[in-house]
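Asker: So here's run-v5.csv (CSV, C-alpha atoms).
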chain,number,residue,atom,x,y,z
Z,1,MET,CA,0.0,0.0,0.0
Z,2,VAL,CA,1.3,3.1,-1.0
Z,3,ARG,CA,1.7,4.9,2.2
Z,4,ALA,CA,1.1,8.2,2.2
Z,5,VAL,CA,3.2,10.6,0.0
Z,6,SER,CA,3.2,14.2,1.5
Z,7,ALA,CA,5.2,17.2,0.5
Z,8,ILE,CA,6.0,20.5,1.9
Z,9,LEU,CA,5.4,23.4,-0.3
Z,10,LEU,CA,7.5,26.3,-0.5
Z,11,LEU,CA,6.6,29.8,-1.1
Z,12,LEU,CA,7.5,33.2,-2.0
Z,13,LEU,CA,7.2,36.2,-0.1
Z,14,CYS,CA,5.1,38.9,-1.5
Z,15,CYS,CA,5.8,42.2,0.1
Z,16,PRO,CA,9.0,43.5,-1.5
Z,17,LEU,CA,8.4,41.6,-4.7
Z,18,LEU,CA,4.9,43.0,-5.2
Z,19,LEU,CA,6.3,46.5,-4.9
Z,20,ARG,CA,8.4,45.8,-7.9
Z,21,GLY,CA,5.5,44.1,-9.7
Z,22,GLN,CA,7.2,40.7,-9.7
Z,23,ALA,CA,5.5,37.3,-9.4
Z,24,TYR,CA,6.1,34.9,-6.5
Z,25,THR,CA,9.1,32.7,-6.5
Z,26,LEU,CA,10.2,30.2,-3.9
Z,27,TYR,CA,13.8,31.1,-4.2
Z,28,GLY,CA,13.1,34.8,-4.0
Z,29,ASP,CA,12.8,35.0,-0.3
Z,30,PRO,CA,15.2,33.0,1.9
Z,31,LYS,CA,13.3,34.0,5.0
Z,32,GLY,CA,10.1,32.5,3.6
Z,33,LEU,CA,11.9,29.2,2.9
Z,34,GLU,CA,13.3,29.2,6.4
Z,35,ASP,CA,9.7,29.7,7.8
Z,36,VAL,CA,8.4,26.7,5.9
Z,37,GLU,CA,11.3,24.5,6.8
Z,38,ARG,CA,10.8,25.3,10.5
Z,39,ILE,CA,7.1,24.4,10.2
Z,40,THR,CA,7.9,21.2,8.5
Z,41,TYR,CA,10.3,20.2,11.2
Z,42,LEU,CA,7.6,20.9,13.8
Z,43,ILE,CA,5.1,18.7,11.9
Z,44,TYR,CA,7.5,15.8,11.8
Z,45,ASP,CA,8.5,16.3,15.4
Z,46,ALA,CA,4.8,16.0,16.5
Z,47,ARG,CA,4.4,19.5,17.8
Z,48,HIS,CA,1.1,19.9,16.1
Z,49,GLN,CA,-0.4,22.6,18.2
Z,50,GLN,CA,2.6,24.8,17.7
Z,51,VAL,CA,2.3,24.1,14.0
Z,52,ASP,CA,-1.2,25.5,14.0
Z,53,ARG,CA,0.1,28.8,15.5
Z,54,GLU,CA,2.9,29.0,13.1
Z,55,LEU,CA,0.6,28.5,10.2
Z,56,GLU,CA,-1.5,31.5,11.3
Z,57,MET,CA,1.7,33.6,11.4
Z,58,LEU,CA,2.6,32.4,7.9
Z,59,LYS,CA,-0.5,34.1,6.6
Z,60,HIS,CA,1.3,37.4,7.2
Z,61,ARG,CA,4.0,36.5,4.8
Z,62,VAL,CA,2.3,34.4,2.2
Z,63,PRO,CA,-1.0,35.2,0.5
Z,64,ALA,CA,-3.9,32.9,1.5
Z,65,SER,CA,-4.3,31.9,-2.1
Z,66,HIS,CA,-0.9,30.1,-2.2
Z,67,PRO,CA,-1.2,26.2,-2.1
Z,68,VAL,CA,1.4,26.1,0.7
Z,69,HIS,CA,-1.3,26.8,3.2
Z,70,PRO,CA,-3.7,23.9,2.7
Z,71,LEU,CA,-0.8,21.6,2.0
Z,72,LEU,CA,0.9,22.3,5.2
Z,73,LYS,CA,-2.4,22.0,7.1
Z,74,ALA,CA,-3.0,18.6,5.4
Z,75,LEU,CA,0.5,17.4,6.3
Z,76,ASN,CA,0.0,18.4,9.9
Z,77,LEU,CA,-3.3,16.4,10.1
Z,78,TYR,CA,-1.6,13.5,8.2
Z,79,TRP,CA,1.0,13.1,10.9
Z,80,LYS,CA,-1.3,13.9,13.8
Z,81,ASP,CA,-3.4,10.8,12.8
Z,82,ALA,CA,-0.5,8.7,11.4
Z,83,PRO,CA,-1.0,6.2,10.0
Z,84,MET,CA,-3.8,8.2,8.2
Z,85,HIS,CA,-6.6,5.9,6.9
Z,86,LEU,CA,-10.2,6.1,6.0
Z,87,ALA,CA,-11.5,5.9,9.6
Z,88,SER,CA,-8.9,8.4,11.0
Z,89,PRO,CA,-10.4,11.3,13.1
Z,90,HIS,CA,-9.3,14.0,10.6
Z,91,TYR,CA,-9.6,12.0,7.4
Z,92,HIS,CA,-12.4,14.0,5.8
Z,93,GLU,CA,-10.8,17.3,6.7
Z,94,PHE,CA,-7.5,16.0,5.3
Z,95,VAL,CA,-9.2,15.1,1.9
Z,96,GLN,CA,-10.9,18.5,1.8
Z,97,LEU,CA,-7.5,20.2,2.2
Z,98,LEU,CA,-6.0,18.1,-0.6
Z,99,HIS,CA,-8.7,19.3,-2.9
Z,100,GLN,CA,-8.1,22.8,-1.8
Z,101,THR,CA,-4.4,22.4,-2.4
Z,102,ASN,CA,-5.0,21.1,-5.9
Z,103,SER,CA,-7.4,24.0,-6.7
Z,104,GLN,CA,-5.0,26.7,-5.5
Z,105,ALA,CA,-2.0,25.1,-7.2
Z,106,GLU,CA,-3.9,24.9,-10.5
Z,107,ALA,CA,-4.9,28.6,-10.1
Z,108,TYR,CA,-1.2,29.5,-9.7
Z,109,LEU,CA,-0.2,27.4,-12.7
Z,110,ASP,CA,-3.0,29.0,-14.8
Z,111,LYS,CA,-1.4,32.4,-14.1
Z,112,GLY,CA,2.1,31.1,-14.7
Z,113,MET,CA,3.1,31.7,-11.0
Z,114,ASP,CA,5.5,29.7,-8.9
Z,115,LYS,CA,5.5,26.8,-11.3
Z,116,THR,CA,7.9,24.4,-9.5
Z,117,VAL,CA,6.2,24.7,-6.2
Z,118,SER,CA,2.7,24.6,-7.7
Z,119,VAL,CA,3.4,21.5,-9.7
Z,120,PHE,CA,4.8,19.8,-6.6
Z,121,ALA,CA,1.7,20.8,-4.6
Z,122,ALA,CA,-0.7,19.5,-7.3
Z,123,LEU,CA,1.3,16.3,-7.7
Z,124,THR,CA,1.2,15.6,-3.9
Z,125,ALA,CA,-2.5,16.3,-3.6
Z,126,ASN,CA,-3.5,14.2,-6.6
Z,127,SER,CA,-1.2,11.3,-5.5
Z,128,LEU,CA,-2.8,11.1,-2.1
Z,129,LEU,CA,-6.3,11.4,-3.5
Z,130,THR,CA,-5.5,8.5,-5.9
Z,131,ARG,CA,-4.2,6.4,-3.0
Z,132,PHE,CA,-7.3,6.9,-0.9
Z,133,HIS,CA,-9.7,6.1,-3.8
Z,134,ALA,CA,-7.8,2.8,-4.2
Z,135,GLU,CA,-8.0,2.0,-0.5
Z,136,LYS,CA,-11.8,2.4,-0.7
Z,137,GLY,CA,-11.8,-0.1,-3.5
Z,138,ASP,CA,-13.1,2.5,-6.0
Z,139,TYR,CA,-10.7,1.6,-8.8
Z,140,MET,CA,-12.4,3.6,-11.5
Z,141,ALA,CA,-12.2,6.8,-9.4
Z,142,ALA,CA,-8.5,5.9,-8.6
Z,143,LEU,CA,-7.8,5.6,-12.4
Z,144,LYS,CA,-9.6,8.9,-13.1
Z,145,GLN,CA,-7.5,10.6,-10.4
Z,146,ALA,CA,-4.4,9.0,-11.7
Z,147,ARG,CA,-4.6,10.9,-15.0
Z,148,PRO,CA,-3.9,14.4,-13.7
Z,149,THR,CA,-1.5,12.8,-11.2
Z,150,TYR,CA,0.6,11.4,-14.0
Z,151,GLY,CA,0.5,14.7,-15.9
Z,152,TYR,CA,2.1,16.4,-12.9
Z,153,MET,CA,4.5,13.5,-12.5
Z,154,LYS,CA,5.8,13.9,-16.0
Z,155,GLU,CA,6.6,17.5,-15.2
Z,156,GLY,CA,8.3,16.3,-12.1
Z,157,PHE,CA,10.6,14.1,-14.1
Z,158,GLU,CA,11.9,17.1,-15.8
Z,159,LEU,CA,12.1,19.4,-12.8
Z,160,LYS,CA,13.9,17.0,-10.4
Z,161,GLU,CA,17.4,18.1,-11.6
Z,162,SER,CA,16.6,21.8,-10.7
Z,163,TYR,CA,14.5,20.9,-7.6
Z,164,LYS,CA,15.8,17.9,-5.7
Z,165,GLU,CA,12.6,17.4,-3.7
Z,166,PHE,CA,11.1,15.8,-6.9
Z,167,TYR,CA,13.5,12.8,-6.4
Z,168,PHE,CA,11.0,11.6,-3.8
Z,169,PRO,CA,7.8,11.3,-6.0
Z,170,THR,CA,9.9,10.2,-9.0
Z,171,GLY,CA,11.5,7.4,-6.9
Z,172,LEU,CA,8.1,6.3,-5.7
Z,173,TYR,CA,6.8,6.3,-9.3
Z,174,ASN,CA,9.7,4.3,-10.6
Z,175,TYR,CA,9.3,1.7,-7.9
Z,176,TYR,CA,5.5,1.3,-7.8
Z,177,ARG,CA,5.0,1.5,-11.6
Z,178,VAL,CA,6.6,-1.9,-11.6
Z,179,LYS,CA,5.4,-3.3,-8.3
Z,180,TYR,CA,1.8,-2.1,-8.0
Z,181,PRO,CA,0.4,-3.9,-11.1
Z,182,ASP,CA,1.9,-7.1,-9.7
Z,183,LEU,CA,0.2,-6.6,-6.4
Z,184,HIS,CA,-3.1,-5.4,-7.9
Z,185,PRO,CA,-3.7,-7.1,-11.3
Z,186,VAL,CA,-6.9,-5.1,-11.8
Z,187,TYR,CA,-4.7,-2.2,-12.9
Z,188,LYS,CA,-2.5,-4.2,-15.4
Z,189,SER,CA,-4.7,-3.5,-18.4
Z,190,PHE,CA,-4.4,0.2,-17.9
Z,191,MET,CA,-0.6,0.4,-17.4
Z,192,TRP,CA,0.2,1.0,-21.1
Z,193,MET,CA,-0.9,4.6,-20.5
Z,194,PHE,CA,2.0,5.2,-18.1
Z,195,GLN,CA,5.8,5.5,-18.7
Z,196,ASP,CA,7.8,2.4,-17.7
Z,197,GLY,CA,9.3,2.3,-14.2
Z,198,ASN,CA,12.5,0.9,-12.7
Z,199,LYS,CA,12.4,-0.6,-9.2
Z,200,SER,CA,16.2,-0.3,-8.6
Z,201,LEU,CA,16.3,3.2,-9.8
Z,202,GLY,CA,13.3,4.1,-7.7
Z,203,LEU,CA,15.0,2.8,-4.5
Z,204,GLN,CA,18.2,4.8,-5.3
Z,205,GLN,CA,16.1,7.9,-5.8
Z,206,LEU,CA,14.4,7.4,-2.5
Z,207,GLU,CA,17.7,6.8,-0.7
Z,208,TYR,CA,19.0,10.0,-2.3
Z,209,SER,CA,15.9,11.8,-0.9
Z,210,VAL,CA,16.5,10.6,2.7
Z,211,ARG,CA,20.1,11.9,2.6
Z,212,ASN,CA,19.7,15.1,0.6
Z,213,ASN,CA,16.2,16.4,0.7
Z,214,VAL,CA,14.9,18.8,3.3
Z,215,PHE,CA,11.1,18.8,2.9
Z,216,THR,CA,10.5,15.2,1.8
Z,217,LYS,CA,13.3,13.4,3.8
Z,218,ALA,CA,10.9,12.0,6.4
Z,219,GLU,CA,8.4,10.8,3.7
Z,220,ALA,CA,11.2,9.1,1.8
Z,221,ALA,CA,12.5,7.3,4.9
Z,222,VAL,CA,9.0,6.1,5.9
Z,223,PHE,CA,8.4,4.7,2.5
Z,224,LEU,CA,11.8,3.0,2.4
Z,225,VAL,CA,11.1,1.2,5.6
Z,226,HIS,CA,7.8,0.0,4.1
Z,227,LEU,CA,9.4,-1.2,0.9
Z,228,TYR,CA,12.4,-2.8,2.5
Z,229,LEU,CA,10.4,-4.7,5.2
Z,230,TYR,CA,7.4,-5.8,3.2
Z,231,TYR,CA,8.5,-6.0,-0.4
Z,232,GLU,CA,12.3,-6.4,-0.5
Z,233,ASN,CA,12.9,-8.4,2.7
Z,234,GLN,CA,16.0,-6.2,3.6
Z,235,PRO,CA,15.4,-5.2,7.2
Z,236,GLN,CA,18.9,-3.9,7.7
Z,237,LYS,CA,18.3,-1.3,5.0
Z,238,ALA,CA,15.0,-0.4,6.5
Z,239,LEU,CA,16.8,0.2,9.8
Z,240,GLN,CA,19.4,2.5,8.3
Z,241,SER,CA,16.7,4.8,6.9
Z,242,ILE,CA,14.5,4.9,10.0
Z,243,GLN,CA,17.5,5.5,12.3
Z,244,ILE,CA,18.4,8.7,10.3
Z,245,LEU,CA,14.8,9.9,10.8
Z,246,TYR,CA,14.6,9.0,14.5
Z,247,LYS,CA,17.7,10.9,15.4
Z,248,GLN,CA,16.1,14.0,13.9
Z,249,PHE,CA,12.5,13.5,15.1
Z,250,PRO,CA,12.6,11.5,18.4
Z,251,ASN,CA,9.1,12.8,19.5
Z,252,ASN,CA,7.2,11.2,16.5
Z,253,ARG,CA,5.5,8.1,17.7
Z,254,PHE,CA,5.0,6.6,14.2
Z,255,ILE,CA,8.7,6.9,13.5
Z,256,ARG,CA,9.4,5.2,16.8
Z,257,LEU,CA,7.0,2.4,15.9
Z,258,GLN,CA,8.8,1.9,12.6
Z,259,LEU,CA,12.1,1.9,14.4
Z,260,ALA,CA,10.9,-0.8,16.8
Z,261,GLU,CA,9.6,-2.9,14.0
Z,262,SER,CA,12.8,-2.5,11.9
Z,263,LEU,CA,15.1,-3.3,14.9
Z,264,ILE,CA,13.1,-6.5,15.6
Z,265,ALA,CA,13.2,-7.5,11.9
Z,266,ALA,CA,17.0,-6.9,11.8
Z,267,ARG,CA,17.3,-9.0,15.0
Z,268,HIS,CA,18.5,-6.1,17.2
Z,269,TYR,CA,16.2,-7.2,20.0
Z,270,ALA,CA,17.8,-5.5,23.0
Z,271,GLU,CA,17.8,-2.2,21.2
Z,272,ALA,CA,14.1,-2.6,20.3
Z,273,ALA,CA,12.9,-3.3,23.9
Z,274,PRO,CA,12.7,0.3,25.2
Z,275,HIS,CA,10.8,1.4,22.0
Z,276,VAL,CA,8.4,-1.5,22.5
Z,277,ALA,CA,7.8,-0.5,26.1
Z,278,TYR,CA,7.0,3.0,24.9
Z,279,LEU,CA,4.4,1.7,22.5
Z,280,LEU,CA,2.7,-0.3,25.2
Z,281,LYS,CA,2.1,3.0,27.1
Z,282,GLU,CA,0.2,4.6,24.3
Z,283,THR,CA,-3.6,4.9,24.5
Z,284,ASP,CA,-4.2,4.6,20.7
Z,285,ALA,CA,-5.3,1.1,19.8
Z,286,TYR,CA,-3.0,0.9,16.8
Z,287,TYR,CA,0.1,1.6,18.8
Z,288,ARG,CA,-0.9,-0.6,21.7
Z,289,ALA,CA,-1.6,-3.5,19.2
Z,290,ALA,CA,1.9,-3.0,17.7
Z,291,GLY,CA,3.4,-2.9,21.1
Z,292,GLU,CA,1.8,-6.2,22.1
Z,293,LEU,CA,2.8,-7.8,18.8
Z,294,PHE,CA,6.4,-6.7,19.1
Z,295,SER,CA,6.4,-7.9,22.7
Z,296,GLY,CA,5.4,-11.3,21.5
Z,297,LEU,CA,8.1,-11.3,18.9
Z,298,LEU,CA,10.7,-10.4,21.5
Z,299,GLN,CA,9.6,-13.2,23.7
Z,300,GLU,CA,9.6,-15.7,20.8
Z,301,LYS,CA,12.7,-14.5,18.9
Z,302,GLN,CA,15.0,-13.2,21.6
Z,303,HIS,CA,14.1,-15.4,24.5
Z,304,GLN,CA,12.8,-18.5,22.6
Z,305,ASN,CA,9.8,-18.5,24.9
Z,306,HIS,CA,6.7,-19.4,22.9
Z,307,GLN,CA,4.6,-19.7,26.0
Z,308,GLN,CA,5.3,-16.2,27.1
Z,309,ALA,CA,4.8,-14.9,23.5
Z,310,LEU,CA,1.3,-16.4,23.1
Z,311,PRO,CA,-0.7,-14.0,25.3
Z,312,HIS,CA,1.0,-11.0,23.7
Z,313,TYR,CA,-0.1,-12.2,20.2
Z,314,HIS,CA,-3.7,-12.7,21.5
Z,315,ALA,CA,-3.6,-9.2,23.1
Z,316,ALA,CA,-2.4,-7.7,19.8
Z,317,LEU,CA,-5.4,-9.3,18.0
Z,318,SER,CA,-7.8,-8.1,20.7
Z,319,MET,CA,-6.4,-4.5,20.5
Z,320,ALA,CA,-6.6,-4.6,16.7
Z,321,ALA,CA,-10.1,-6.0,16.5
Z,322,PRO,CA,-11.9,-2.6,16.2
Z,323,LEU,CA,-9.4,-1.3,13.6
Z,324,ASN,CA,-9.9,-1.6,9.8
Z,325,TYR,CA,-7.5,-2.6,7.1
Z,326,ILE,CA,-4.7,-0.4,8.5
Z,327,ALA,CA,-4.0,-3.2,11.1
Z,328,ASP,CA,-4.2,-6.2,8.8
Z,329,THR,CA,-0.4,-6.6,8.5
Z,330,TYR,CA,0.0,-6.7,12.3
Z,331,ARG,CA,-3.0,-9.1,12.6
Z,332,SER,CA,-1.3,-11.3,10.1
Z,333,MET,CA,2.0,-11.3,12.0
Z,334,ALA,CA,0.1,-12.1,15.3
Z,335,HIS,CA,-1.6,-15.1,13.7
Z,336,ALA,CA,1.8,-16.3,12.3
Z,337,GLY,CA,3.2,-16.1,15.9
Z,338,ILE,CA,0.3,-18.2,17.2
Z,339,ALA,CA,0.9,-20.7,14.4
Z,340,ARG,CA,4.6,-21.0,15.3
Z,341,TYR,CA,3.5,-21.6,18.9
Z,342,TYR,CA,1.3,-24.5,17.8
Z,343,GLU,CA,4.1,-25.8,15.6
Z,344,ALA,CA,6.4,-25.9,18.6
Z,345,LYS,CA,3.7,-27.8,20.6
Z,346,ASN,CA,3.3,-30.2,17.6
Z,347,GLN,CA,-0.4,-29.3,17.3
Z,348,GLN,CA,-0.5,-29.3,13.5
Z,349,GLU,CA,-4.2,-28.8,12.9
Z,350,LYS,CA,-4.3,-25.7,15.1
Z,351,ALA,CA,-1.1,-24.5,13.5
Z,352,LYS,CA,-2.6,-25.0,10.0
Z,353,LYS,CA,-5.7,-23.0,10.9
Z,354,ALA,CA,-3.5,-20.1,12.3
Z,355,TRP,CA,-1.3,-20.1,9.2
Z,356,GLN,CA,-4.4,-19.8,7.0
Z,357,GLN,CA,-5.6,-16.9,9.1
Z,358,ALA,CA,-2.2,-15.3,8.8
Z,359,LEU,CA,-2.2,-15.8,5.0
Z,360,ASP,CA,-5.7,-14.4,4.6
Z,361,LEU,CA,-4.6,-11.1,6.2
Z,362,ALA,CA,-1.2,-10.9,4.7
Z,363,MET,CA,-1.0,-7.9,2.3
Z,364,TYR,CA,2.7,-8.3,1.3
Z,365,GLU,CA,5.2,-11.0,0.5
Z,366,TYR,CA,7.0,-10.4,3.8
Z,367,PRO,CA,7.2,-11.1,6.6
Z,368,VAL,CA,4.3,-13.5,6.6
Z,369,LYS,CA,3.0,-14.6,3.2
Z,370,GLN,CA,6.1,-16.7,2.1
Z,371,GLU,CA,6.3,-18.4,5.5
Z,372,ALA,CA,2.5,-19.2,5.7
Z,373,LYS,CA,2.5,-20.6,2.1
Z,374,ALA,CA,5.4,-22.9,3.0
Z,375,HIS,CA,3.6,-24.3,6.0
Z,376,LEU,CA,0.3,-24.8,4.2
Z,377,LYS,CA,1.7,-26.9,1.4
Any chance you could give the structure as structure tokens?

Answerer:
Amino acid sequence: MVRAVSAILLLLLCCPLLLRGQAYTLYGDPKGLEDVERITYLIYDARHQQVDRELEMLKHRVPASHPVHPLLKALNLYWKDAPMHLASPHYHEFVQLLHQTNSQAEAYLDKGMDKTVSVFAALTANSLLTRFHAEKGDYMAALKQARPTYGYMKEGFELKESYKEFYFPTGLYNYYRVKYPDLHPVYKSFMWMFQDGNKSLGLQQLEYSVRNNVFTKAEAAVFLVHLYLYYENQPQKALQSIQILYKQFPNNRFIRLQLAESLIAARHYAEAAPHVAYLLKETDAYYRAAGELFSGLLQEKQHQNHQQALPHYHAALSMAAPLNYIADTYRSMAHAGIARYYEAKNQQEKAKKAWQQALDLAMYEYPVKQEAKAHLK
């Protein structure tokens, strides 16, 4: 699942430029760039109330018509609810802000103003709208939304050499253009409309974004964790990316969750333990479910204690029960842990049932699908 792609939009400060009759440009005002960079840092560091105040102050420097305003507001909601999904508290407001971002970006492009920033804003908004149509199962709406998304993406291909932030969406496109039709065959017959991709190049471009970008560094790292854990089965590379992010944004609970998962997948169990303990103290059901799952994995993998692991796997399933598709991967991993418990107890029928439950919920090849298929042969 394409996780959420978000971008920070940069702006250009009006006052001195308007006096000279010039149009906005991002690079025309270093102070404006500094303001947006500071707000971006606060978003990723989970200081959401402070972001709201800073966004109000930004109105004094940037006209309300600029797409940076709704985009930054959307990004703040995205990380406040992370992982954002269809049942998130702010989902509907988030979608409304994406539409507003797109409208304001198109208005700027129609006037020939701030092209690079406006293309980036429109691309981000349309990409996220496409994703959420797909998650609802509305494939025709997703394909309809994909057409303008692709149009902006093609412009991004050309702009990435002058504006490095475009390496992030370009990298995602190159990877998922190859991978997504394999995962969702319903789209295969439509793929002739889109330029070919390259998975290896896409990963390289995302790695570049983590190490060089300012505004999309966090998004690139989060996607790399997802790709390396669930598609590529390279947990050590996932860990490298999320460690870079955690050092910069230690207050972000979703980043900390990804760090815990990557440490366990890379078998750094002792390092994972304090982050798992942190998740168990969270009140949000998603994070508590993850904490219980990871506790079970630590008992099983680090201490070889299936008996102690079992109640944690059951607790993870109980915590995740009210959640929707967003928790399916963790449910799958919990059922796999229960299956391994029954395997250790030589209770093959119960193990087989648990493996089937794990497989039914597995969205990706790793870490469950391959293992479950092998046990169900």

Asker: Which residues, written as a list in words, have at least one atom at most 7 Å from Ala316 in chain Z, with all atoms listed in the file counted and residues fewer than 2 positions away on the same chain left out?

Answerer: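 Those residues are Ala289, Ala290, Glu292, Leu293, His312, Tyr313, His314, Ser318, Met319, Ala320 and Ala334 of chain Z.
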
Asker: Please provide as a VMD selection string all residues within 9 Å of Arg340 in chain Z, with the sequence filter that same-chain residues fewer than 3 positions apart are discarded (counting only C-alpha atoms).

Answerer: chain Z and resid 306 335 to 337 343 to 345 351 354 to 355

Asker: Given the point (19.0, 6.5, 12.4) in the file's coordinates, find the residues that have an atom at most 12 Å from it, counting only C-alpha atoms, and give them as a list in words.

Answerer: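 Every residue inside that radius is included here: Val210, Arg211, Ala218, Ala221, Val222, Val225, Gln236, Lys237, Ala238, Leu239, Gln240, Ser241, Ile242, Gln243, Ile244, Leu245, Tyr246, Lys247, Gln248, Phe249, Pro250, Ile255, Arg256, Gln258, Leu259, Ala260, Ser262 and Leu263 of chain Z.
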
Asker: Expressed in Å to a single decimal, how great is the separation between CA of Pro169 in chain Z and CA of Gln234 in chain Z?

Answerer: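 One can read the CA of Pro169 in chain Z to CA of Gln234 in chain Z distance as 21.6 Å.
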
Asker: Hey, which of Z:Ala321, Z:Val214, Z:Val62, Z:Ala285 ends up closest to Ser88 in chain Z? Count all atoms listed in the file.

Answerer: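 Of Z:Ala321, Z:Val214, Z:Val62, Z:Ala285, the one nearest Ser88 in chain Z, counting all atoms listed in the file, is Z:Ala285.
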
Asker: So which one's closest to Phe120 in chain Z, Z:Tyr342, Z:Phe223, Z:Tyr150, Z:Tyr91? Using only C-alpha atoms, please.

Answerer: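 Between Z:Tyr342, Z:Phe223, Z:Tyr150, Z:Tyr91, the residue approaching Phe120 in chain Z most closely is Z:Tyr150.
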
Asker: Give me, please, the distance in Å between CA of Ala266 in chain Z and CA of Glu282 in chain Z, quoted to one decimal.

Answerer: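 CA of Ala266 in chain Z sits 23.9 Å away from CA of Glu282 in chain Z.
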
Asker: Between Z:Glu37, Z:Glu56, Z:Glu365, Z:Glu165, which has the minimum distance to Glu232 in chain Z (counting all atoms listed in the file)?

Answerer: Z:Glu365

Asker: From the list Z:Leu224, Z:Ala272, Z:Leu201, Z:Leu317, which residue is nearest Leu297 in chain Z when using all atoms listed in the file?

Answerer: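 Going through Z:Leu224, Z:Ala272, Z:Leu201, Z:Leu317 one by one, the smallest distance to Leu297 in chain Z is for Z:Ala272.
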
Asker: Name the closest residue to Ile43 in chain Z among the candidates Z:His268, Z:Lys80, Z:Lys59, Z:Lys281; distances are taken between atoms, counting all atoms listed in the file.

Answerer: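 When distances to Ile43 in chain Z are compared using all atoms listed in the file, the smallest one comes from Z:Lys80.
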
Asker: Work out how far apart CA of Pro235 in chain Z and CA of Gly137 in chain Z are and give it in Å to one decimal.

Answerer: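 That distance, rounded to one decimal, is 29.7 Å.
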
Asker: Mind checking which residues fall within 9 Å of Ser200 in chain Z, counting only C-alpha atoms, ignoring those fewer than 4 positions away in the same chain, and posting them as a ChimeraX atom specification?

Answerer: /Z:174-175,204-205

Asker: For the selection you just gave me, I'd like the residues written to a file as an mmCIF file, in the frame of the given file, keeping C-alpha atoms.

Answerer:
data_model
loop_
_atom_site.group_PDB
_atom_site.id
_atom_site.type_symbol
_atom_site.label_atom_id
_atom_site.label_comp_id
_atom_site.auth_asym_id
_atom_site.auth_seq_id
_atom_site.Cartn_x
_atom_site.Cartn_y
_atom_site.Cartn_z
ATOM 1 C CA ASN Z 174 9.700 4.300 -10.600
ATOM 2 C CA TYR Z 175 9.300 1.700 -7.900
ATOM 3 C CA GLN Z 204 18.200 4.800 -5.300
ATOM 4 C CA GLN Z 205 16.100 7.900 -5.800
#

Asker: Counting all atoms listed in the file, find residues at most 12 Å from (-0.4, 19.8, 8.2) (file frame) and give them as an NGL selection string.

Answerer: :Z and (6-9 or 36 or 39-55 or 68-82 or 90 or 93-95 or 97-98 or 101)

Asker: Restricting the calculation to all atoms listed in the file: of Z:His85, Z:His99, Z:Lys377, Z:Lys144, which residue gets closest to Thr124 in chain Z?

Answerer: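 Ranked by minimum distance to Thr124 in chain Z, first place goes to Z:His99.
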
Asker: Report as a list in words all protein, DNA and RNA residues lying within 7 Å of Gly156 in chain Z, evaluated on only C-alpha atoms, omitting residues in the same chain fewer than 4 positions from it.

Answerer: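 Returned residues: Tyr152, Lys160 and Phe166 of chain Z.
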
Asker: Which residues are near Ala358 in chain Z? Cut-off 10 Å, all atoms listed in the file, ignore same chain within fewer than 6 positions. Put them as an NGL selection string.

Answerer: :Z and (328-339 or 352 or 368-369 or 371-373)
